[in-house]
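See below for my_file30.tsv, which holds TSV, C-alpha atoms.
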```
chain	number	residue	atom	x	y	z
A	427	MET	CA	0.00	0.00	0.00
A	428	ARG	CA	0.97	3.56	-0.67
A	429	PHE	CA	-0.41	6.76	0.83
A	430	ILE	CA	-0.39	9.62	-1.65
A	431	GLY	CA	-0.94	13.23	-0.63
A	432	VAL	CA	-2.01	15.80	-3.22
A	433	ASP	CA	-2.14	19.49	-2.38
A	434	LEU	CA	-4.28	20.22	-5.43
A	435	ALA	CA	-3.95	23.70	-6.87
A	436	TRP	CA	-6.91	25.82	-7.88
A	437	GLY	CA	-6.72	25.60	-11.66
A	438	GLY	CA	-4.64	23.41	-13.91
A	439	ARG	CA	-1.97	26.04	-14.58
A	440	ASN	CA	-0.72	26.23	-10.99
A	441	PRO	CA	1.61	23.58	-9.50
A	442	SER	CA	0.37	20.99	-7.01
A	443	GLY	CA	2.42	19.40	-4.24
A	444	LEU	CA	2.74	15.60	-4.13
A	445	ALA	CA	4.10	13.19	-1.52
A	446	VAL	CA	4.00	9.40	-1.07
A	447	LEU	CA	4.45	7.30	2.09
A	448	ASP	CA	4.69	3.56	2.57
A	449	GLU	CA	3.02	1.63	5.39
A	450	ARG	CA	5.95	2.38	7.70
A	451	GLY	CA	5.68	6.12	7.15
A	452	ARG	CA	8.75	6.38	4.94
A	453	VAL	CA	8.68	9.00	2.20
A	454	MET	CA	8.83	7.15	-1.12
A	455	GLY	CA	8.32	10.11	-3.44
A	456	GLU	CA	7.85	13.87	-3.43
A	457	ASP	CA	7.38	16.33	-6.25
A	458	VAL	CA	5.60	19.42	-7.50
A	459	ARG	CA	3.73	19.02	-10.78
A	460	THR	CA	1.35	21.02	-12.94
A	461	GLY	CA	-1.73	19.80	-14.78
A	462	ASP	CA	-3.97	16.79	-14.28
A	463	ASP	CA	-2.00	14.57	-16.67
A	464	GLU	CA	1.25	15.15	-14.75
A	465	ILE	CA	-0.45	14.51	-11.41
A	466	ALA	CA	-2.14	11.36	-12.73
A	467	ALA	CA	1.21	10.07	-14.02
A	468	PHE	CA	2.79	10.61	-10.60
A	469	VAL	CA	-0.07	8.79	-8.86
A	470	ALA	CA	0.05	5.92	-11.35
A	471	GLY	CA	3.74	5.50	-10.65
A	472	HIS	CA	3.06	4.75	-6.99
A	473	ASP	CA	-0.33	3.05	-6.68
A	474	ARG	CA	0.10	-0.36	-8.33
A	475	ASP	CA	-0.45	-2.46	-5.17
A	476	GLY	CA	-3.18	-0.30	-3.62
A	477	ALA	CA	-3.29	3.25	-2.31
A	478	VAL	CA	-5.12	5.84	-0.27
A	479	LEU	CA	-5.14	9.10	-2.20
A	480	ALA	CA	-5.65	12.07	0.14
A	481	ILE	CA	-6.53	15.30	-1.66
A	482	ASP	CA	-6.59	18.80	-0.23
A	483	ALA	CA	-9.45	20.01	-2.43
A	484	PRO	CA	-13.23	19.60	-2.54
A	485	LEU	CA	-13.91	16.05	-3.74
A	486	VAL	CA	-17.66	15.45	-3.47
A	487	VAL	CA	-19.63	18.63	-4.15
A	488	ASP	CA	-23.34	18.62	-5.06
A	489	ASN	CA	-24.58	21.84	-3.44
A	490	PRO	CA	-25.24	24.67	-5.95
A	491	THR	CA	-24.53	27.39	-3.36
A	492	GLY	CA	-23.64	27.79	0.32
A	493	ARG	CA	-21.28	25.43	2.10
A	494	ARG	CA	-21.17	21.67	2.51
A	495	ALA	CA	-22.12	20.06	5.82
A	496	CYS	CA	-18.56	18.79	6.28
A	497	GLU	CA	-17.22	22.34	6.05
A	498	ALA	CA	-19.83	23.62	8.49
A	499	GLU	CA	-18.84	20.90	10.97
A	500	LEU	CA	-15.14	21.71	10.73
A	501	GLN	CA	-15.86	25.42	11.05
A	502	ALA	CA	-17.82	24.74	14.25
A	503	ARG	CA	-15.01	22.60	15.65
A	504	TYR	CA	-11.93	24.48	14.49
A	505	GLY	CA	-13.06	27.95	13.43
A	506	ARG	CA	-12.12	29.54	16.76
A	507	LEU	CA	-8.59	28.20	16.24
A	508	GLY	CA	-8.34	29.70	12.77
A	509	ALA	CA	-8.46	26.27	11.15
A	510	GLY	CA	-11.93	26.28	9.61
A	511	PRO	CA	-12.33	25.71	5.85
A	512	TYR	CA	-13.64	28.07	3.22
A	513	PRO	CA	-17.04	27.10	1.77
A	514	SER	CA	-17.20	25.28	-1.53
A	515	ASN	CA	-20.11	24.86	-3.91
A	516	LEU	CA	-20.72	24.33	-7.61
A	517	ALA	CA	-21.13	28.06	-8.24
A	518	LEU	CA	-17.74	28.89	-6.70
A	519	LEU	CA	-16.12	26.00	-8.56
A	520	GLY	CA	-17.61	27.03	-11.89
A	521	GLY	CA	-19.50	23.75	-12.06
A	522	ARG	CA	-16.27	21.75	-12.21
A	523	VAL	CA	-15.11	19.54	-9.32
A	524	ARG	CA	-11.51	19.16	-10.38
A	525	ALA	CA	-10.52	16.67	-7.67
A	526	MET	CA	-13.31	14.26	-8.64
A	527	GLU	CA	-12.44	14.63	-12.33
A	528	LEU	CA	-8.84	13.79	-11.51
A	529	VAL	CA	-9.82	10.68	-9.53
A	530	ARG	CA	-12.23	9.42	-12.19
A	531	GLY	CA	-9.52	9.79	-14.81
A	532	LEU	CA	-7.06	7.53	-12.98
A	533	GLU	CA	-6.35	4.00	-14.18
A	534	ARG	CA	-7.27	2.35	-10.86
A	535	PRO	CA	-10.84	1.96	-9.51
A	536	TYR	CA	-10.61	4.53	-6.70
A	537	LEU	CA	-13.48	4.46	-4.20
A	538	THR	CA	-14.48	7.96	-3.14
A	539	ALA	CA	-16.51	7.00	-0.05
A	540	PRO	CA	-14.60	7.22	3.26
A	541	VAL	CA	-15.19	3.62	4.39
A	542	ASP	CA	-12.58	1.91	6.55
A	543	PRO	CA	-9.85	0.84	4.09
A	544	ARG	CA	-8.60	-1.99	6.31
A	545	ARG	CA	-11.73	-4.01	5.58
A	546	ALA	CA	-9.95	-5.20	2.44
A	547	PRO	CA	-6.34	-6.38	2.06
A	548	ARG	CA	-5.79	-4.22	-0.99
A	549	GLY	CA	-7.64	-1.51	-2.81
A	550	TRP	CA	-7.76	2.12	-3.85
A	551	TRP	CA	-9.48	4.92	-1.93
A	552	ALA	CA	-9.66	8.65	-2.59
A	553	VAL	CA	-10.49	10.89	0.37
A	554	GLU	CA	-10.64	14.60	1.07
A	555	VAL	CA	-8.41	16.10	3.75
A	556	PHE	CA	-7.64	19.60	5.04
A	557	PRO	CA	-4.15	20.35	6.42
A	558	HIS	CA	-5.03	23.15	8.88
A	559	PRO	CA	-7.13	21.16	11.39
A	560	ALA	CA	-4.91	18.13	10.81
A	561	LEU	CA	-1.87	20.16	11.89
A	562	VAL	CA	-3.75	21.51	14.91
A	563	GLU	CA	-4.49	17.95	16.02
A	564	LEU	CA	-1.15	16.36	15.15
A	565	GLY	CA	0.92	19.18	16.62
A	566	HIS	CA	-1.33	19.88	19.61
A	567	LEU	CA	-1.50	23.51	18.50
A	568	THR	CA	-3.42	26.25	20.26
A	569	ARG	CA	-3.88	28.12	16.96
A	570	ALA	CA	-3.67	27.20	13.31
A	571	LEU	CA	-0.32	27.79	11.67
A	572	ARG	CA	-0.08	30.89	9.49
A	573	TYR	CA	2.00	30.38	6.39
A	574	LYS	CA	-0.21	31.27	3.43
A	575	LYS	CA	-0.86	34.97	4.01
A	576	GLY	CA	0.75	37.93	5.73
A	577	ARG	CA	4.29	39.31	5.88
A	578	VAL	CA	7.02	37.20	4.33
A	579	ALA	CA	8.88	36.76	7.63
A	580	ALA	CA	5.74	35.51	9.36
A	581	ARG	CA	4.96	33.10	6.52
A	582	VAL	CA	8.48	31.70	6.55
A	583	ASP	CA	8.23	31.24	10.31
A	584	GLY	CA	4.92	29.44	9.81
A	585	LEU	CA	6.49	27.10	7.27
A	586	ARG	CA	9.28	26.27	9.69
A	587	ARG	CA	6.68	25.47	12.35
A	588	LEU	CA	4.83	23.28	9.86
A	589	HIS	CA	8.00	21.32	9.17
A	590	ALA	CA	8.62	21.01	12.91
A	591	VAL	CA	5.19	19.39	13.35
A	592	LEU	CA	6.01	16.95	10.56
A	593	ALA	CA	9.42	16.14	12.04
A	594	ALA	CA	7.89	15.51	15.48
A	595	LEU	CA	5.64	12.84	13.99
A	596	GLU	CA	8.60	10.47	13.88
A	597	ALA	CA	7.63	9.72	17.50
A	598	ALA	CA	3.94	9.17	16.66
A	599	THR	CA	1.99	6.03	15.84
A	600	PRO	CA	2.20	5.62	12.94
A	601	PRO	CA	5.53	7.39	12.50
A	602	LEU	CA	6.37	9.81	9.71
A	603	ARG	CA	9.92	9.32	8.51
A	604	LEU	CA	10.95	12.34	6.46
A	605	ARG	CA	13.80	12.00	3.98
A	606	SER	CA	16.94	13.81	5.06
A	607	ASP	CA	18.10	13.78	1.43
A	608	GLY	CA	14.74	14.63	-0.12
A	609	ARG	CA	13.39	17.70	-1.85
A	610	LEU	CA	11.55	18.99	1.20
A	611	ALA	CA	14.71	18.87	3.31
A	612	ALA	CA	16.76	20.54	0.60
A	613	GLU	CA	14.31	23.41	0.24
A	614	LEU	CA	13.97	23.78	4.01
A	615	ALA	CA	17.74	24.36	4.21
A	616	ARG	CA	17.39	27.38	1.90
A	617	LEU	CA	13.92	28.50	2.91
A	618	ASP	CA	15.07	32.03	3.83
A	619	SER	CA	16.29	32.56	0.28
A	620	LEU	CA	13.23	31.18	-1.49
A	621	ARG	CA	11.05	33.75	-3.20
A	622	GLY	CA	7.69	33.75	-4.97
A	623	ARG	CA	6.87	30.48	-6.74
A	624	ALA	CA	9.84	28.72	-5.17
A	625	ARG	CA	8.58	29.40	-1.64
A	626	LYS	CA	5.06	28.48	-2.72
A	627	GLY	CA	6.48	25.20	-4.01
A	628	PHE	CA	7.87	24.40	-0.56
A	629	GLU	CA	4.49	25.22	0.98
A	630	ASP	CA	2.67	22.95	-1.48
A	631	LEU	CA	5.14	20.12	-0.90
A	632	ALA	CA	4.86	20.41	2.88
A	633	ASP	CA	1.05	20.38	2.69
A	634	ALA	CA	1.24	17.27	0.50
A	635	HIS	CA	3.24	15.51	3.23
A	636	VAL	CA	0.47	16.42	5.70
A	637	CYS	CA	-2.14	14.98	3.33
A	638	ALA	CA	-0.19	11.75	2.84
A	639	TYR	CA	0.25	11.32	6.59
A	640	VAL	CA	-3.48	11.81	7.23
A	641	ALA	CA	-4.11	8.99	4.75
A	642	LEU	CA	-1.62	6.78	6.61
A	643	TRP	CA	-3.18	7.71	9.96
A	644	TRP	CA	-6.64	6.73	8.68
A	645	TRP	CA	-5.24	3.41	7.43
A	646	TRP	CA	-3.74	2.67	10.85
A	647	HIS	CA	-6.52	3.93	13.12
A	648	GLY	CA	-9.71	4.04	11.07
A	649	ARG	CA	-12.69	5.94	12.44
A	650	SER	CA	-11.74	5.23	16.05
A	651	ARG	CA	-9.18	8.05	15.90
A	652	THR	CA	-10.23	9.88	12.74
A	653	LEU	CA	-12.97	12.46	12.52
A	654	VAL	CA	-15.05	11.91	9.39
A	655	ALA	CA	-16.83	15.25	9.05
A	656	GLY	CA	-19.85	15.14	6.74
A	657	ASP	CA	-21.00	12.01	4.95
A	658	GLU	CA	-20.32	9.87	1.90
A	659	ARG	CA	-23.11	11.32	-0.22
A	660	HIS	CA	-22.54	15.06	0.20
A	661	GLY	CA	-18.82	15.16	0.98
A	662	ALA	CA	-16.61	14.17	3.90
A	663	ILE	CA	-13.30	15.49	5.22
A	664	LEU	CA	-10.93	13.35	7.31
A	665	VAL	CA	-9.14	14.87	10.32
A	666	PRO	CA	-6.84	12.82	12.58
A	667	GLN	CA	-7.68	12.86	16.28
A	668	ALA	CA	-4.22	12.56	17.77
A	669	GLY	CA	-4.93	12.74	21.50
A	670	GLY	CA	-1.59	12.05	23.22
A	671	GLY	CA	0.05	10.42	20.23
A	672	VAL	CA	2.84	12.96	19.76
A	673	ASP	CA	5.39	13.77	22.46
A	674	ASN	CA	6.36	17.22	21.19
A	675	HIS	CA	3.60	19.78	21.79
A	676	LEU	CA	4.19	22.85	19.65
A	677	ASP	CA	2.52	26.17	20.41
A	678	ALA	CA	1.71	28.18	17.30
A	679	SER	CA	0.41	31.21	19.13
A	680	GLY	CA	3.72	33.04	19.19
```
Could you write out this file's structure as structure tokens?
Amino acid sequence: MRFIGVDLAWGGRNPSGLAVLDERGRVMGEDVRTGDDEIAAFVAGHDRDGAVLAIDAPLVVDNPTGRRACEAELQARYGRLGAGPYPSNLALLGGRVRAMELVRGLERPYLTAPVDPRRAPRGWWAVEVFPHPALVELGHLTRALRYKKGRVAARVDGLRRLHAVLAALEAATPPLRLRSDGRLAAELARLDSLRGRARKGFEDLADAHVCAYVALWWWWHGRSRTLVAGDERHGAILVPQAGGGVDNHLDASG
């Protein structure tokens, strides 16, 4: 089994972050690619023996306007921490649900309902995830990390905190074993010098690692320690419920 995280960009012209973990939490691949064909090729290169594909983008959307029930639930739970999602609907998406189109175009028969994947020895599942509440849970944060908006210095600091949460997960169950010689590590070493699209690429890649780890967490723990906000018919978002699983508690309020 492989656990593939996709930080899917809004629009096919912007790059998307990609990361792959094995069942032991080892990073088996990481990249930034543009366009559905490039993303599909990356996924196909890693999903031969089964996979959970975790996408940071609306996956099941059938509401013409307003917000989905899964988004309302996460807003109620995490909004006060700054980790609630934006609403999504068919009007905002221009009638196109890109994530679902991507999944349906893949070679494997991906199931888009968030049923427990461990019921079968092998298979393919596509689920929706959202990094902000996942990071709050996994890092035991008092506030959501800020790395997408604001002053450059504050965003860079937020990205370093994000990486620190990921690194601390080596002590979690399941562990996340980042590659010391991988692309994420290389770009972290020169994060202060990254500008524009290059810094955005690091952000996308880091978010993809979060997505992949949420998929792995779900595979290990199922619904007993995973919040499934929403439902299969109208859209669901998976959020790990870490409890005391990580030793390093990181405060993002500073």
Legend entry - From A:Tyr639, A:Tyr504, A:Trp551, A:Tyr573, residue lying nearest A:Ala593 [only C-alpha atoms]: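 Among the listed residues, A:Tyr639 lies closest to A:Ala593.
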Legend entry - Selected residue of minimal separation from A:Ala598 among A:Leu564, A:Leu571, A:Ala539, A:Leu500, counting all atoms listed in the file: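 Closest to A:Ala598 of all the choices is A:Leu564.
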Inset, instruction - Would you please work out which residue, of A:Val529, A:Gly508, A:Gly549, A:Gly451, is nearest to A:Gly476 when using all atoms listed in the file? - result: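 So, comparing all the options, the nearest one is A:Gly549.
Residues surrounding A:Ala445 within 6 Å are Ile430, Gly431, Gly455, Glu456, Ala634 and His635 of chain A [all atoms listed in the file; sequence separation below 4 positions excluded].
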With 6 Å on each side, where is the centre of the axis-aligned box around all listed atoms of stretch 483-499 of chain A, and how long are its edges in Å to one decimal, as JSON?
```
{"center_x": -17.3, "center_y": 21.6, "center_z": 2.5, "size_x": 27.8, "size_y": 24.3, "size_z": 28.9}
```
Legend entry - Gap from atom CA of A:Gly576 to atom CA of A:Arg621 - Å, one decimal: 14.3 Å
Legend entry - Nearest candidate to A:Arg524 (options A:Ala467, A:Ala612, A:Ala638, A:Ala435; using all atoms listed in the file): A:Ala435
Inset, instruction - Give me the residues within 12 Å of A:Thr599 as a list in words, counting all atoms listed in the file and dropping any in the same chain fewer than 2 places off. - result: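 Selected residues are Glu449, Arg450, Gly451, Leu564, Ala594, Leu595, Glu596, Ala597, Pro601, Leu602, Arg603, Tyr639, Val640, Leu642, Trp643, Trp644, Trp645, Trp646, His647, Arg651, Pro666, Gln667, Ala668, Gly669, Gly670, Gly671, Val672 and Asp673 of chain A.
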Just C-alpha atoms for this one: save the residues we selected as a PDB file, keeping the file's coordinate frame.
```pdb
ATOM      1  CA  GLU A 449       3.020   1.630   5.390  1.00  0.00           C
ATOM      2  CA  ARG A 450       5.950   2.380   7.700  1.00  0.00           C
ATOM      3  CA  GLY A 451       5.680   6.120   7.150  1.00  0.00           C
ATOM      4  CA  LEU A 564      -1.150  16.360  15.150  1.00  0.00           C
ATOM      5  CA  ALA A 594       7.890  15.510  15.480  1.00  0.00           C
ATOM      6  CA  LEU A 595       5.640  12.840  13.990  1.00  0.00           C
ATOM      7  CA  GLU A 596       8.600  10.470  13.880  1.00  0.00           C
ATOM      8  CA  ALA A 597       7.630   9.720  17.500  1.00  0.00           C
ATOM      9  CA  PRO A 601       5.530   7.390  12.500  1.00  0.00           C
ATOM     10  CA  LEU A 602       6.370   9.810   9.710  1.00  0.00           C
ATOM     11  CA  ARG A 603       9.920   9.320   8.510  1.00  0.00           C
ATOM     12  CA  TYR A 639       0.250  11.320   6.590  1.00  0.00           C
ATOM     13  CA  VAL A 640      -3.480  11.810   7.230  1.00  0.00           C
ATOM     14  CA  LEU A 642      -1.620   6.780   6.610  1.00  0.00           C
ATOM     15  CA  TRP A 643      -3.180   7.710   9.960  1.00  0.00           C
ATOM     16  CA  TRP A 644      -6.640   6.730   8.680  1.00  0.00           C
ATOM     17  CA  TRP A 645      -5.240   3.410   7.430  1.00  0.00           C
ATOM     18  CA  TRP A 646      -3.740   2.670  10.850  1.00  0.00           C
ATOM     19  CA  HIS A 647      -6.520   3.930  13.120  1.00  0.00           C
ATOM     20  CA  ARG A 651      -9.180   8.050  15.900  1.00  0.00           C
ATOM     21  CA  PRO A 666      -6.840  12.820  12.580  1.00  0.00           C
ATOM     22  CA  GLN A 667      -7.680  12.860  16.280  1.00  0.00           C
ATOM     23  CA  ALA A 668      -4.220  12.560  17.770  1.00  0.00           C
ATOM     24  CA  GLY A 669      -4.930  12.740  21.500  1.00  0.00           C
ATOM     25  CA  GLY A 670      -1.590  12.050  23.220  1.00  0.00           C
ATOM     26  CA  GLY A 671       0.050  10.420  20.230  1.00  0.00           C
ATOM     27  CA  VAL A 672       2.840  12.960  19.760  1.00  0.00           C
ATOM     28  CA  ASP A 673       5.390  13.770  22.460  1.00  0.00           C
TER      29      ASP A 673
END
```
Legend entry - From A:Leu567, A:Ala495, A:Leu485, A:Leu614, residue lying nearest A:Arg530 [only C-alpha atoms]: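 For A:Arg530, the nearest of the candidates is A:Leu485.
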Legend entry - Å distance separating atom CA of A:Gly661 from atom CA of A:Leu479, one decimal place: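 So the answer is 15.3 Å.
Minimum distance to A:Asn440 across A:Arg581, A:Arg569, A:Phe468, A:Gly627 (counting only C-alpha atoms) occurs at A:Gly627.
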Legend entry - For A:His660: contacts at 9 Å, only C-alpha atoms, fewer than 4 positions along chain excluded, given as an NGL selection string: :A and (486-489 or 494-496 or 656)
If we count only C-alpha atoms, what is near A:Arg493 at a cut-off of 7 Å, once residues fewer than 4 positions away on the same chain are taken out, given as a JSON list (two decimals) with C-alpha atoms, in the coordinates of the input?
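Output contents, as saved in selection-v9.json:
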```
[["chain", "number", "residue", "atom", "x", "y", "z"],
["A", 497, "GLU", "CA", -17.22, 22.34, 6.05],
["A", 498, "ALA", "CA", -19.83, 23.62, 8.49],
["A", 513, "PRO", "CA", -17.04, 27.10, 1.77],
["A", 514, "SER", "CA", -17.20, 25.28, -1.53],
["A", 515, "ASN", "CA", -20.11, 24.86, -3.91]]
```
Inset, instruction - One decimal, Å: what's the distance from atom CA of A:Asp657 over to atom CA of A:Arg474, could you say? - result: 27.8 Å
Inset, instruction - Please return, as a VMD selection string, all polymer residues that have at least one atom within 8 Å of the point (-17.5, 6.0, 5.7); use only C-alpha atoms and the file's own coordinate frame. - result: chain A and resid 539 to 542 654 657 to 658
Legend entry - Test item: residues at most 8 Å from A:Met427, only C-alpha atoms, excluding those fewer than 3 positions along its chain, as a list in words: Asp448, Glu449, Asp473, Asp475, Gly476, Ala477, Val478 and Arg548 of chain A
Inset, instruction - Identify the residues within 12 Å of coordinate (2.7, 26.7, -1.8) (same frame as the file), considering all atoms listed in the file, and give the answer as number ranges by chain. - result: A: 432-436, 440-444, 458-459, 573-575, 581-582, 585, 620-634
